[in-house]
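Before any comments, here is the structure.
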Amino acid sequence: IGLMKMLPNMSVINTCDYNQTKNATIEIAKHYGPVYLRFGRPKVPNFTNKNQKFTLGKGILMKKGKDVTILATGHLVWKSVEAVKILNKQNISAELINIHTIKPLDSKLILQSVLKTKCVVTAEEHMLNGGLGDSIAQLLSRNTPTPLEMVGVDDTFGESGTPRGLMEKYGLT
C-alpha cells in the first residue's frame, strides 16, 4: 500500500471480502488510470451486500456512533465489526467506516465522522508506515488535529505462516 500510494495518479484499493472484491474489480475495469487492488489470504466471512455498488474513493459508513470513529480497511473491517459489538456492550458507541479506497481517500466522510466523535482508531493488516493510518494522520493534521490510535504492523519484516497465525503474531486479532 505504501509503495503504491506514492505513485502519482495511482488509485489504491484494499477490499474486505469476496463481494466487495468482485464489485471493485468490475468498477476498476471501467476506470481510466492506474489502480492497485490489494487483497489478502485470511479467510473472513462474506459480510458485505453482494449487490452493493462499489464507488472508487468513497468509504462506506457501516455503523453510526458518537464516541469513537473506527476507520478500517481490508480484512480488519471484519475484525472491526466484531470490535464494535464488544465496545457496544461496554456502552461505547463506535462509528465504523469501511475505507476500501486508501487513495483517493474519502476525506469528506472521514472528517464528518471525526468532527462528531473527536477520536479515531485505524485498523489495517499492513505496516503502520505508509498505510491507512499514515494517510489518516496526514489528513487529520492538516484539517483537525485529533487523538489517533493505529492498529497495524509495526516496523518489521513480514514472515511466512498461516494467515491466522500471522494475524495473531502481529496483534491484529
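Letters A, B, ... go to the chains of the C-alpha cells in the order shown; residues in each chain start at 1; ligands are counted from 1 in the same order.
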
Interface rows for range 24-93 of chain A against range 4-12 of chain A: nearest pair, Å to one decimal, 10 Å, only C-alpha atoms, as JSON lines:
{"residue": "A:Ile28", "atom": "CA", "partner": "A:Ser11", "partner_atom": "CA", "distance": 9.6}
{"residue": "A:His31", "atom": "CA", "partner": "A:Ser11", "partner_atom": "CA", "distance": 9.8}
{"residue": "A:Gly33", "atom": "CA", "partner": "A:Met10", "partner_atom": "CA", "distance": 7.2}
{"residue": "A:Pro34", "atom": "CA", "partner": "A:Met10", "partner_atom": "CA", "distance": 5.2}
{"residue": "A:Val35", "atom": "CA", "partner": "A:Ser11", "partner_atom": "CA", "distance": 4.6}
{"residue": "A:Tyr36", "atom": "CA", "partner": "A:Val12", "partner_atom": "CA", "distance": 4.9}
{"residue": "A:Leu37", "atom": "CA", "partner": "A:Val12", "partner_atom": "CA", "distance": 6.3}
{"residue": "A:Arg38", "atom": "CA", "partner": "A:Val12", "partner_atom": "CA", "distance": 7.7}
{"residue": "A:Leu56", "atom": "CA", "partner": "A:Ser11", "partner_atom": "CA", "distance": 8.3}
{"residue": "A:Gly57", "atom": "CA", "partner": "A:Ser11", "partner_atom": "CA", "distance": 8.3}

Selection near Gln20 in chain A, 9 Å with only C-alpha atoms, sequence-local residues under 3 positions removed, as number ranges by chain: A: 15-17, 23-25, 46, 48-50, 52-54, 100

For Lys116 in chain A, the nearest of the candidates A:Thr144, A:Gly74, A:Ala83, A:Thr162, counting only C-alpha atoms: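 Among the listed residues, A:Thr144 lies closest to Lys116 in chain A.
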
Those in range 40-84 of chain A with helix (DSSP H, G or I) from DSSP, as a list in words: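 For range 40-84 of chain A, the helix (DSSP H, G or I) set is Leu76, Val77, Trp78, Lys79, Ser80, Val81, Glu82, Ala83 and Val84 of chain A.
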
Those in chain A with strand (DSSP E) from DSSP, as JSON, numbers by chain: {"A": [11, 12, 13, 14, 35, 36, 37, 38, 60, 61, 62, 63, 68, 69, 70, 71, 72, 94, 95, 96, 97, 98, 101, 102, 103, 120, 121, 122, 123, 124, 125, 126, 127, 148, 149, 150, 151, 152, 153]}

Excluding same-chain residues fewer than 6 positions from range 86-91 of chain A, what lies within 12 Å of it counting only C-alpha atoms, as an mmCIF file with N, CA and C atoms, in the first residue's frame?
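The new file out_17.cif reads:
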data_model
loop_
_atom_site.group_PDB
_atom_site.id
_atom_site.type_symbol
_atom_site.label_atom_id
_atom_site.label_comp_id
_atom_site.auth_asym_id
_atom_site.auth_seq_id
_atom_site.Cartn_x
_atom_site.Cartn_y
_atom_site.Cartn_z
ATOM 1 N N LYS A 63 -21.661 1.628 10.472
ATOM 2 C CA LYS A 63 -22.420 1.786 11.709
ATOM 3 C C LYS A 63 -22.185 3.192 12.238
ATOM 4 N N LYS A 64 -23.273 3.847 12.598
ATOM 5 C CA LYS A 64 -23.172 5.178 13.188
ATOM 6 C C LYS A 64 -22.826 5.056 14.667
ATOM 7 N N GLY A 65 -22.059 6.016 15.160
ATOM 8 C CA GLY A 65 -21.692 6.057 16.568
ATOM 9 C C GLY A 65 -21.332 7.477 16.962
ATOM 10 N N LYS A 66 -21.048 7.680 18.254
ATOM 11 C CA LYS A 66 -20.765 9.041 18.704
ATOM 12 C C LYS A 66 -19.499 9.173 19.551
ATOM 13 N N ASP A 67 -18.927 8.061 20.022
ATOM 14 C CA ASP A 67 -17.791 8.141 20.940
ATOM 15 C C ASP A 67 -16.424 8.010 20.280
ATOM 16 N N VAL A 68 -16.323 7.219 19.229
ATOM 17 C CA VAL A 68 -15.045 6.974 18.552
ATOM 18 C C VAL A 68 -15.327 6.598 17.097
ATOM 19 N N THR A 69 -14.426 7.018 16.218
ATOM 20 C CA THR A 69 -14.504 6.628 14.811
ATOM 21 C C THR A 69 -13.487 5.526 14.572
ATOM 22 N N ILE A 70 -13.934 4.401 14.037
ATOM 23 C CA ILE A 70 -13.028 3.323 13.629
ATOM 24 C C ILE A 70 -12.989 3.334 12.112
ATOM 25 N N LYS A 79 -12.834 -7.668 11.561
ATOM 26 C CA LYS A 79 -12.410 -7.618 12.967
ATOM 27 C C LYS A 79 -12.986 -6.379 13.654
ATOM 28 N N SER A 80 -13.124 -5.296 12.912
ATOM 29 C CA SER A 80 -13.694 -4.063 13.468
ATOM 30 C C SER A 80 -15.193 -4.197 13.702
#

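Remark: for Leu166 in chain A, the closest of the candidate residues A:Leu3, A:Leu140, A:Val153, A:Val77 is A:Val153 (distances computed over only C-alpha atoms).
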
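Considering only C-alpha atoms, the residue among A:Met127, A:Glu149, A:Asn143, A:Asn19 positioned nearest to Leu115 in chain A is A:Asn143.
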